[in-house]
2 protein chains.
Amino acid sequence: MAEPTPSPTPKIIKNDPWYGSYAARAETMRASEIRALFAVASRPEVVSLAGGMPYLDYMPFKEIAELIDKMMVEKGDIAWQYGLAQGDPHLREDVLQIMRLENITDVQPDDVVITNGSQNALDLITRIMCDPGDVVLAEAPNYVGALGVFQSFQVDVVNVLLDKDGLIPESFEEAVIEQRKLGKKVKFLYTVPNFHNPAGVTMSVERRPKILQIAQKYHVLIIEDNPYGLLGFDGQTYPALRSMDDENVVYLSSFSKIIAPGMRIAWMVAPPGIRQKLVLANEASVLCPPNMSQFTITTYLDNFDWRQQINQYRGMYRDRCNAMDAALREYLPYCTWNKPKGGFYIWLKIPQGLDSRAMLPRAVTAKVAYVAGTGFYMNGEGRDHMRLSFCYPTPERIHEGIRRLSTVIDNELETTQLFGTSGVPDADPRDAEHPGPQVQ
Amino acid sequence: MAEPTPSPTPKIIKNDPWYGSYAARAETMRASEIRALFAVASRPEVVSLAGGMPYLDYMPFKEIAELIDKMMVEKGDIAWQYGLAQGDPHLREDVLQIMRLENITDVQPDDVVITNGSQNALDLITRIMCDPGDVVLAEAPNYVGALGVFQSFQVDVVNVLLDKDGLIPESFEEAVIEQRKLGKKVKFLYTVPNFHNPAGVTMSVERRPKILQIAQKYHVLIIEDNPYGLLGFDGQTYPALRSMDDENVVYLSSFSKIIAPGMRIAWMVAPPGIRQKLVLANEASVLCPPNMSQFTITTYLDNFDWRQQINQYRGMYRDRCNAMDAALREYLPYCTWNKPKGGFYIWLKIPQGLDSRAMLPRAVTAKVAYVAGTGFYMNGEGRDHMRLSFCYPTPERIHEGIRRLSTVIDNELETTQLFGTSGVPDADPRDAEHPGPQVQ
Ligand SMILES: Cc1ncc(COP(=O)(O)O)c(C=O)c1O
Ligand SMILES: Cc1ncc(COP(=O)(O)O)c(C=O)c1O
């Protein structure tokens with residue numbers, strides 16, 4: 001694998017002449033000290049269990065290259081031209097077969113909107129639904145990228161509880177009732193039902209209709225964010241919420257984890273009124289998604305056995321998850337975690353008294369990186385957890401990474417027993433999520 | 001050229017169950033009746049003088065395809081991976097040489113942020129600078145895509161006047177003073193100094209320092225949007241505002257018009273404090289720009305004589321502008337226009353009493369399309385103008401298009417003289433700007 005450039009360390013900007021001129025929504029944006037740490041964490045000698053990047057080395061890039069070559073000769077003039085704001089019709093047709101794998105069978109290409117990654121889909125849906133001060137219900141812990149979007153639109157994020165079977169329906173219902181009592185507008189529930197990032201859990205099949213019933217009863221929209229649904233380790237899939245309700249669910253999925261993120265292509269399915277606004281918002285945001293990326297994806301889907309490739313990914317991630325689980329049992333048996341059935345992440349609870357955020361610089365010094373649990377909450381919770389990604393490093397590296405982590409935690413335990421907890425200045429661990437291409 | 005699919009006609013959504021649940025900013029978004037018209041306008045028999053799409057048929061797609069092939073074999077694993085939120089470092093280096101052509105010589109790669117087209121750059125800068133009700137000063141008429149962004153962030157757009165030498169400095173100063181008197185926060189001046197879309201004019205070199213002085217005097221930021229600067233018909237360029245002031249100018253440029261828009265890659269240069277927020281906003285909006293697109297652009301820049309290719313574009317657009325100018329003299333001598341010295345557009349003033357918006361359906365029936373002037377104003381002005389694009393059709397088609405347009409205008413004049421002005425229901429001509437790939 002070629003050597004990518006690590007993230008540059010941000011300089012602290014002194015005497016910004018535009019200080020005081022920014023929008024309110026920009027004031028909470030802060031460059032993070034942790035970014036500097038991640039420039040270090042991306043050095044080859046560090047085992048990074050921090051990133052959410054898929055492992056792409058098994059992709060048949062030579063064959064892919066030839067097909068892109070052919071595509072460019074045949075229709076380079078369109079691949080390089082502006083496209084439709086809603087996305088390429090061919091790609092909108094192609095995603096239908098992918099969604100069928102999770103029981104979504106009633107969608108037409110016109111219901112689909114192609115976006116610049118699911119990140120931009122989250123941006124668009126928040127943009128059209130939420131005024132400042134509106135409430136979004138979301139699982140806690142929660143995907144950092146979604147928290148970043150909600151924050152940038154000045155939305156109040158209210159936590160809904162998760163357990164090993166995913167989002168707890170009663171917690172959802174209580175939150176709606178309570179927020180309404182407070183006079184708040186609850187704009188939607190944001191959920192990642194399958195192989196949750198970061199919690200690793202999956203919403204049980206029994207809970208799904210219950211959650212939909214609550215949404216219907218209280219007329220609350222559900223945003224179903226599903227980038228990992230096809231990455232169940234045993235090839236299992238779960239019926240999408242969207243497959244049981246076409247009125248109250250906006251469904252999001254992405255090519256980032258099942259194929260590759262470098263095209264920045266994802267899609268969403270929404271009821272007609274919402275979909276129409278999403279298309280206009282997409283146009284205001286980016287004019288249209290890149291044809292070059294969309295044509296690359298359709299070329300890939302039309303010519304490769306992508307089902308087989310996803311199967312291969314599943315097997316690879318299963319092996320890595322097993323490696324991490326085994327290493328955790330070996331080195332950190334006094335920590336607790338749910339072994340996930342798919343996806344990319346283990347959500348590790350560390351011994352009481354330890355602080356995952358405070359510990360991070362020491363971990364990086366010991367040549368292992370993770371994301372501190374605090375990054376997945378709005379309110380500073382999460383110091384007792386960390387997210388460990390098994391998607392990118394090989395099983396051997398994972399084993400070594402967990403070994404190194406155990407030395408840090410052991411040390412930390414000793415120090416805490418001697419001196420009590422130590423802390424570092426607050427920083428925003430969101431920046432740890434996608435710190436750019438990392439050497440692992 | 002292959003046959004692209006025309007934009008689908010939007011259906012009117014009845015009984016949207018989410019009606020009343022949207023954000024305030026989404027309420028002004030409306031699907032336009034004119035979109036339906038443009039599905040018709042994109043038929044091959046219609047000469048479209050409406051789109052802002054570059055003409056790409058002369059691109060050496062075979063050679064380009066081979067180079068992309070090579071790039072994918074060598075570094076497909078990075079091209080398909082997540083990248084940095086600020087953009088690929090190699091590309092940030094590459095754009096420096098392009099900016100040097102307009103006297104910008106002091107920029108470092110770290111000052112540059114890569115965005116998903118300049119459209120997203122406009123979105124990001126508005127997002128970090130503007131609260132609802134803040135004022136943005138902008139030339140009138142103005143680029144429709146910018147108006148769409150300003151509207152979606154609920155900004156008040158205040159017009160600054162243009163003449164044949166571009167933005168009028170006195171008008172800028174007066175607007176600042178007046179808005180401040182009204183207690184308004186003026187967040188920036190948005191200007192397209194070179195080969196303005198839609199007005200076709202260029203800010204004179206004498207006016208540039210004057211405009212910067214006003215910005216400095218009143219501490220008003222300038223957004224310099226410059227996608228057409230290298231498309232001067234005689235190879236002439238003008239010193240960028242950014243080349244004379246690195247503190248008060250955010251500079252935007254794009255590959256869309258000088259190379260091709262299908263990658264959706266553009267860049268911006270901003271003072272450090274602003275740039276840092278732009279990177280965070282880019283991350284919240286899209287995580288990162290597509291590596292696939294960025295690597296395609298760097299591959300192109302590194303291997304082709306892009307200066308020569310831009311020269312070829314210049315010559316092509318000059319010929320088309322000449323063809324349009326000649327046809328206008330021949331068929332519509334009683335209209336008025338400034339012949340542009342570069343870019344894509346002629347801004348045509350039609351005879352008094354005519355209404356370019358009302359006339360459009362008749363024009364499309366006569367197999368010629370344009371964008372009505374009203375699309376370039378927030379306030380319904382512009383019925384006396386239309387924008388004619390000469391970028392995409394061949395000179396012969398342009399000649400035929402203007403001939404058809406003259407029959408429509410002649411007819412209209414006759415009817416008006418007989419019956420007075422006629423009107424159609426209001427529609428939002430912004431949708432006409434990038435209606436997707438069009439057969440011309
Ligand atoms: C739950 C979740 N949603 C959305 C995304 C964003 O994915 P994309 O690459 O499509 O923007 C991610 C990426 O990590 C994710 O984990
Ligand atoms: C003045 C102006 N700014 C920005 C843009 C957007 O360009 P991009 O394709 O880079 O989003 C355009 C495109 O027409 C334009 O004319």
# chains A, B, ... in the order shown; residues from 1 in each chain; ligands from 1
>>> interface_residues(of="chain A", to="chain B", cutoff="6 Å", atoms="only C-alpha atoms", output="PyMOL selection string")
chain A and resi 13+16+22-23+26+56+61-62+65+69+72-73+76-77+79-84+119-120+123+128-131+148-149+260-264+273+284-286+290-292+436-437
>>> write_last_selection(atoms="C-alpha atoms", output="short mmCIF file (atom, residue, chain, number, x, y, z; two decimals), in the first residue's frame")
data_model
loop_
_atom_site.label_atom_id
_atom_site.label_comp_id
_atom_site.auth_asym_id
_atom_site.auth_seq_id
_atom_site.Cartn_x
_atom_site.Cartn_y
_atom_site.Cartn_z
CA ILE A 13 -4.89 30.90 14.95
CA ASP A 16 -8.16 36.29 13.82
CA TYR A 22 -18.89 34.31 12.43
CA ALA A 23 -22.33 32.75 12.45
CA ALA A 26 -19.69 28.26 13.65
CA LEU A 56 -9.51 -2.17 0.42
CA PHE A 61 -7.96 -2.63 -8.88
CA LYS A 62 -6.35 -3.79 -12.11
CA ALA A 65 -9.01 0.21 -13.82
CA ASP A 69 -10.83 3.03 -18.92
CA MET A 72 -14.21 6.87 -20.01
CA VAL A 73 -13.65 6.10 -23.70
CA GLY A 76 -16.14 10.39 -20.77
CA ASP A 77 -18.02 13.43 -22.04
CA ALA A 79 -18.85 11.33 -16.83
CA TRP A 80 -17.09 14.71 -16.85
CA GLN A 81 -20.26 16.79 -17.28
CA TYR A 82 -22.79 18.16 -14.77
CA GLY A 83 -25.48 15.64 -13.88
CA LEU A 84 -28.92 15.67 -12.32
CA GLN A 119 -22.49 12.45 5.68
CA ASN A 120 -24.01 14.90 3.22
CA ASP A 123 -26.58 17.29 6.45
CA ILE A 128 -34.61 20.69 5.62
CA MET A 129 -36.13 19.47 8.91
CA CYS A 130 -34.49 21.35 11.77
CA ASP A 131 -34.60 24.92 13.00
CA GLY A 148 -21.28 17.08 14.15
CA VAL A 149 -24.13 17.75 11.73
CA ALA A 260 -15.30 1.95 -0.97
CA PRO A 261 -15.58 5.51 0.38
CA GLY A 262 -13.33 7.32 -2.12
CA MET A 263 -16.18 8.03 -4.52
CA ARG A 264 -18.20 9.68 -1.71
CA GLY A 273 -42.70 15.43 -0.01
CA ALA A 284 -28.27 24.22 -3.24
CA SER A 285 -25.52 22.28 -1.49
CA VAL A 286 -23.52 20.75 -4.37
CA PRO A 290 -20.07 13.81 -9.14
CA ASN A 291 -20.84 11.93 -12.35
CA MET A 292 -17.28 10.61 -12.37
CA GLY A 436 -7.76 10.99 6.59
CA PRO A 437 -5.91 8.10 5.05
#
>>> residues_around(residues="Gln179 (chain B)", least_positions_apart="5", cutoff="12 Å", atoms="only C-alpha atoms", output="list in words")
Gly133, Asp134, Val135, Val136, Leu137, Asp156, Val157, Val158, Asn159, Val160, Phe172, Glu173, Glu174, Lys184, Lys185, Val186, Lys187, Phe188, Tyr218 and Val220 of chain B
>>> closest_residue(among="A:Tyr334, A:Tyr345, A:Tyr300, A:Tyr370", to="ligand 1", atoms="only C-alpha atoms and all ligand atoms")
A:Tyr345
>>> select_by_dssp(residues="region 81-168 of chain B", states="strand (DSSP E or B)", output="ChimeraX atom specification")
/B:112-116,135-140,156-163,166-167
>>> write_last_selection(atoms="C-alpha atoms", output="PDB file, in the first residue's frame")
ATOM      1  CA  VAL B 112      -6.258  25.941   0.351  1.00  0.00           C
ATOM      2  CA  VAL B 113      -9.442  23.962   0.992  1.00  0.00           C
ATOM      3  CA  ILE B 114     -10.751  21.595  -1.692  1.00  0.00           C
ATOM      4  CA  THR B 115     -14.545  21.516  -2.014  1.00  0.00           C
ATOM      5  CA  ASN B 116     -17.265  19.625  -3.854  1.00  0.00           C
ATOM      6  CA  VAL B 135     -26.875  40.782   5.097  1.00  0.00           C
ATOM      7  CA  VAL B 136     -24.841  39.688   2.105  1.00  0.00           C
ATOM      8  CA  LEU B 137     -24.091  42.286  -0.545  1.00  0.00           C
ATOM      9  CA  ALA B 138     -24.155  40.917  -4.061  1.00  0.00           C
ATOM     10  CA  GLU B 139     -24.132  42.114  -7.612  1.00  0.00           C
ATOM     11  CA  ALA B 140     -27.502  42.318  -9.288  1.00  0.00           C
ATOM     12  CA  ASP B 156     -30.920  39.065   3.277  1.00  0.00           C
ATOM     13  CA  VAL B 157     -29.351  39.726  -0.101  1.00  0.00           C
ATOM     14  CA  VAL B 158     -28.825  43.441  -0.775  1.00  0.00           C
ATOM     15  CA  ASN B 159     -28.103  44.444  -4.358  1.00  0.00           C
ATOM     16  CA  VAL B 160     -24.979  46.284  -5.423  1.00  0.00           C
ATOM     17  CA  LEU B 161     -24.990  47.776  -8.904  1.00  0.00           C
ATOM     18  CA  LEU B 162     -22.999  46.637 -11.907  1.00  0.00           C
ATOM     19  CA  ASP B 163     -22.173  48.446 -15.118  1.00  0.00           C
ATOM     20  CA  GLY B 166     -18.296  45.498 -13.274  1.00  0.00           C
ATOM     21  CA  LEU B 167     -19.297  46.228  -9.704  1.00  0.00           C
TER      22      LEU B 167
END
>>> select_by_dssp(residues="region 232-365 of chain A", states="helix (DSSP H, G or I)", output="MDAnalysis selection string")
chainID A and resid 241:243 272:286 291:303 306:331 356:365
>>> atom_distance(atom1="CA of Ala369 (chain B)", atom2="CA of Ile310 (chain B)")
27.2 Å
>>> decode(residues="region 382-397 of chain B", atoms="all heavy atoms", output="PDB file, in the first residue's frame")
ATOM      1  N   GLY B 382     -35.918  41.780 -13.518  1.00  0.00           N
ATOM      2  CA  GLY B 382     -35.220  41.032 -14.556  1.00  0.00           C
ATOM      3  C   GLY B 382     -36.090  40.574 -15.720  1.00  0.00           C
ATOM      4  O   GLY B 382     -35.597  39.903 -16.630  1.00  0.00           O
ATOM      5  N   ARG B 383     -37.364  40.953 -15.709  1.00  0.00           N
ATOM      6  CA  ARG B 383     -38.235  40.523 -16.811  1.00  0.00           C
ATOM      7  C   ARG B 383     -37.797  41.103 -18.144  1.00  0.00           C
ATOM      8  O   ARG B 383     -38.161  40.595 -19.204  1.00  0.00           O
ATOM      9  CB  ARG B 383     -39.682  40.957 -16.540  1.00  0.00           C
ATOM     10  CG  ARG B 383     -40.301  40.178 -15.400  1.00  0.00           C
ATOM     11  CD  ARG B 383     -41.709  40.612 -15.072  1.00  0.00           C
ATOM     12  NE  ARG B 383     -42.155  39.914 -13.881  1.00  0.00           N
ATOM     13  CZ  ARG B 383     -42.813  38.753 -13.917  1.00  0.00           C
ATOM     14  NH1 ARG B 383     -43.117  38.188 -15.063  1.00  0.00           N
ATOM     15  NH2 ARG B 383     -43.160  38.148 -12.800  1.00  0.00           N
ATOM     16  N   ASP B 384     -37.037  42.184 -18.086  1.00  0.00           N
ATOM     17  CA  ASP B 384     -36.585  42.843 -19.318  1.00  0.00           C
ATOM     18  C   ASP B 384     -35.264  42.273 -19.841  1.00  0.00           C
ATOM     19  O   ASP B 384     -34.685  42.801 -20.780  1.00  0.00           O
ATOM     20  CB  ASP B 384     -36.460  44.345 -19.071  1.00  0.00           C
ATOM     21  CG  ASP B 384     -35.543  44.646 -17.884  1.00  0.00           C
ATOM     22  OD1 ASP B 384     -35.254  43.711 -17.088  1.00  0.00           O
ATOM     23  OD2 ASP B 384     -35.097  45.803 -17.757  1.00  0.00           O
ATOM     24  N   HIS B 385     -34.767  41.223 -19.196  1.00  0.00           N
ATOM     25  CA  HIS B 385     -33.497  40.625 -19.643  1.00  0.00           C
ATOM     26  C   HIS B 385     -33.632  39.113 -19.801  1.00  0.00           C
ATOM     27  O   HIS B 385     -34.533  38.488 -19.242  1.00  0.00           O
ATOM     28  CB  HIS B 385     -32.389  40.884 -18.617  1.00  0.00           C
ATOM     29  CG  HIS B 385     -31.727  42.212 -18.750  1.00  0.00           C
ATOM     30  ND1 HIS B 385     -32.222  43.355 -18.165  1.00  0.00           N
ATOM     31  CD2 HIS B 385     -30.595  42.585 -19.417  1.00  0.00           C
ATOM     32  CE1 HIS B 385     -31.426  44.380 -18.446  1.00  0.00           C
ATOM     33  NE2 HIS B 385     -30.420  43.934 -19.210  1.00  0.00           N
ATOM     34  N   MET B 386     -32.702  38.555 -20.543  1.00  0.00           N
ATOM     35  CA  MET B 386     -32.551  37.098 -20.551  1.00  0.00           C
ATOM     36  C   MET B 386     -31.062  36.771 -20.639  1.00  0.00           C
ATOM     37  O   MET B 386     -30.265  37.572 -21.122  1.00  0.00           O
ATOM     38  CB  MET B 386     -33.303  36.467 -21.722  1.00  0.00           C
ATOM     39  CG  MET B 386     -32.882  36.944 -23.088  1.00  0.00           C
ATOM     40  SD  MET B 386     -33.763  36.078 -24.425  1.00  0.00           S
ATOM     41  CE  MET B 386     -35.438  36.613 -24.179  1.00  0.00           C
ATOM     42  N   ARG B 387     -30.714  35.600 -20.120  1.00  0.00           N
ATOM     43  CA  ARG B 387     -29.329  35.161 -20.255  1.00  0.00           C
ATOM     44  C   ARG B 387     -29.228  34.171 -21.396  1.00  0.00           C
ATOM     45  O   ARG B 387     -29.944  33.166 -21.428  1.00  0.00           O
ATOM     46  CB  ARG B 387     -28.831  34.505 -18.974  1.00  0.00           C
ATOM     47  CG  ARG B 387     -27.305  34.293 -19.009  1.00  0.00           C
ATOM     48  CD  ARG B 387     -26.832  33.396 -17.887  1.00  0.00           C
ATOM     49  NE  ARG B 387     -27.220  32.014 -18.109  1.00  0.00           N
ATOM     50  CZ  ARG B 387     -26.892  31.006 -17.292  1.00  0.00           C
ATOM     51  NH1 ARG B 387     -26.183  31.255 -16.201  1.00  0.00           N
ATOM     52  NH2 ARG B 387     -27.288  29.769 -17.565  1.00  0.00           N
ATOM     53  N   LEU B 388     -28.311  34.463 -22.326  1.00  0.00           N
ATOM     54  CA  LEU B 388     -28.058  33.556 -23.454  1.00  0.00           C
ATOM     55  C   LEU B 388     -26.666  32.957 -23.285  1.00  0.00           C
ATOM     56  O   LEU B 388     -25.669  33.688 -23.233  1.00  0.00           O
ATOM     57  CB  LEU B 388     -28.139  34.343 -24.768  1.00  0.00           C
ATOM     58  CG  LEU B 388     -29.476  35.048 -25.043  1.00  0.00           C
ATOM     59  CD1 LEU B 388     -29.364  35.912 -26.300  1.00  0.00           C
ATOM     60  CD2 LEU B 388     -30.607  34.037 -25.181  1.00  0.00           C
ATOM     61  N   SER B 389     -26.596  31.649 -23.200  1.00  0.00           N
ATOM     62  CA  SER B 389     -25.300  30.981 -23.053  1.00  0.00           C
ATOM     63  C   SER B 389     -24.799  30.555 -24.424  1.00  0.00           C
ATOM     64  O   SER B 389     -25.531  29.928 -25.179  1.00  0.00           O
ATOM     65  CB  SER B 389     -25.437  29.710 -22.220  1.00  0.00           C
ATOM     66  OG  SER B 389     -26.081  29.958 -21.016  1.00  0.00           O
ATOM     67  N   PHE B 390     -23.548  30.861 -24.678  1.00  0.00           N
ATOM     68  CA  PHE B 390     -22.962  30.410 -25.946  1.00  0.00           C
ATOM     69  C   PHE B 390     -21.950  29.298 -25.732  1.00  0.00           C
ATOM     70  O   PHE B 390     -21.237  28.905 -26.647  1.00  0.00           O
ATOM     71  CB  PHE B 390     -22.318  31.589 -26.704  1.00  0.00           C
ATOM     72  CG  PHE B 390     -21.397  32.433 -25.853  1.00  0.00           C
ATOM     73  CD1 PHE B 390     -20.103  32.010 -25.585  1.00  0.00           C
ATOM     74  CD2 PHE B 390     -21.831  33.641 -25.320  1.00  0.00           C
ATOM     75  CE1 PHE B 390     -19.260  32.789 -24.801  1.00  0.00           C
ATOM     76  CE2 PHE B 390     -20.986  34.423 -24.529  1.00  0.00           C
ATOM     77  CZ  PHE B 390     -19.695  33.997 -24.267  1.00  0.00           C
ATOM     78  N   CYS B 391     -21.872  28.759 -24.514  1.00  0.00           N
ATOM     79  CA  CYS B 391     -20.814  27.795 -24.200  1.00  0.00           C
ATOM     80  C   CYS B 391     -21.009  26.434 -24.855  1.00  0.00           C
ATOM     81  O   CYS B 391     -20.056  25.803 -25.301  1.00  0.00           O
ATOM     82  CB  CYS B 391     -20.691  27.612 -22.697  1.00  0.00           C
ATOM     83  SG  CYS B 391     -22.253  27.465 -21.812  1.00  0.00           S
ATOM     84  N   TYR B 392     -22.243  25.969 -24.932  1.00  0.00           N
ATOM     85  CA  TYR B 392     -22.448  24.569 -25.303  1.00  0.00           C
ATOM     86  C   TYR B 392     -22.795  24.336 -26.776  1.00  0.00           C
ATOM     87  O   TYR B 392     -22.254  23.430 -27.408  1.00  0.00           O
ATOM     88  CB  TYR B 392     -23.497  23.949 -24.384  1.00  0.00           C
ATOM     89  CG  TYR B 392     -23.411  22.452 -24.377  1.00  0.00           C
ATOM     90  CD1 TYR B 392     -22.411  21.803 -23.665  1.00  0.00           C
ATOM     91  CD2 TYR B 392     -24.294  21.696 -25.125  1.00  0.00           C
ATOM     92  CE1 TYR B 392     -22.303  20.426 -23.685  1.00  0.00           C
ATOM     93  CE2 TYR B 392     -24.194  20.307 -25.145  1.00  0.00           C
ATOM     94  CZ  TYR B 392     -23.193  19.681 -24.423  1.00  0.00           C
ATOM     95  OH  TYR B 392     -23.091  18.324 -24.450  1.00  0.00           O
ATOM     96  N   PRO B 393     -23.695  25.128 -27.401  1.00  0.00           N
ATOM     97  CA  PRO B 393     -24.047  24.829 -28.794  1.00  0.00           C
ATOM     98  C   PRO B 393     -22.939  25.266 -29.767  1.00  0.00           C
ATOM     99  O   PRO B 393     -22.171  26.184 -29.463  1.00  0.00           O
ATOM    100  CB  PRO B 393     -25.311  25.669 -29.040  1.00  0.00           C
ATOM    101  CG  PRO B 393     -25.612  26.386 -27.770  1.00  0.00           C
ATOM    102  CD  PRO B 393     -24.438  26.266 -26.860  1.00  0.00           C
ATOM    103  N   THR B 394     -22.892  24.630 -30.890  1.00  0.00           N
ATOM    104  CA  THR B 394     -21.942  25.017 -31.942  1.00  0.00           C
ATOM    105  C   THR B 394     -22.363  26.374 -32.533  1.00  0.00           C
ATOM    106  O   THR B 394     -23.521  26.776 -32.402  1.00  0.00           O
ATOM    107  CB  THR B 394     -21.967  23.987 -33.087  1.00  0.00           C
ATOM    108  OG1 THR B 394     -23.305  23.929 -33.600  1.00  0.00           O
ATOM    109  CG2 THR B 394     -21.546  22.612 -32.607  1.00  0.00           C
ATOM    110  N   PRO B 395     -21.444  27.057 -33.217  1.00  0.00           N
ATOM    111  CA  PRO B 395     -21.790  28.351 -33.829  1.00  0.00           C
ATOM    112  C   PRO B 395     -23.015  28.260 -34.745  1.00  0.00           C
ATOM    113  O   PRO B 395     -23.862  29.163 -34.733  1.00  0.00           O
ATOM    114  CB  PRO B 395     -20.528  28.709 -34.614  1.00  0.00           C
ATOM    115  CG  PRO B 395     -19.419  28.042 -33.861  1.00  0.00           C
ATOM    116  CD  PRO B 395     -19.996  26.767 -33.327  1.00  0.00           C
ATOM    117  N   GLU B 396     -23.141  27.183 -35.491  1.00  0.00           N
ATOM    118  CA  GLU B 396     -24.290  27.042 -36.397  1.00  0.00           C
ATOM    119  C   GLU B 396     -25.592  26.957 -35.612  1.00  0.00           C
ATOM    120  O   GLU B 396     -26.593  27.584 -35.978  1.00  0.00           O
ATOM    121  CB  GLU B 396     -24.149  25.777 -37.265  1.00  0.00           C
ATOM    122  CG  GLU B 396     -22.948  25.766 -38.203  1.00  0.00           C
ATOM    123  CD  GLU B 396     -21.614  25.660 -37.461  1.00  0.00           C
ATOM    124  OE1 GLU B 396     -21.525  24.874 -36.483  1.00  0.00           O
ATOM    125  OE2 GLU B 396     -20.664  26.394 -37.834  1.00  0.00           O
ATOM    126  N   ARG B 397     -25.545  26.174 -34.544  1.00  0.00           N
ATOM    127  CA  ARG B 397     -26.739  26.037 -33.712  1.00  0.00           C
ATOM    128  C   ARG B 397     -27.073  27.370 -33.028  1.00  0.00           C
ATOM    129  O   ARG B 397     -28.237  27.724 -32.868  1.00  0.00           O
ATOM    130  CB  ARG B 397     -26.522  24.960 -32.647  1.00  0.00           C
ATOM    131  CG  ARG B 397     -26.331  23.561 -33.211  1.00  0.00           C
ATOM    132  CD  ARG B 397     -27.635  22.867 -33.498  1.00  0.00           C
ATOM    133  NE  ARG B 397     -28.325  22.483 -32.271  1.00  0.00           N
ATOM    134  CZ  ARG B 397     -29.544  21.957 -32.243  1.00  0.00           C
ATOM    135  NH1 ARG B 397     -30.214  21.765 -33.375  1.00  0.00           N
ATOM    136  NH2 ARG B 397     -30.098  21.625 -31.100  1.00  0.00           N
TER     137      ARG B 397
END
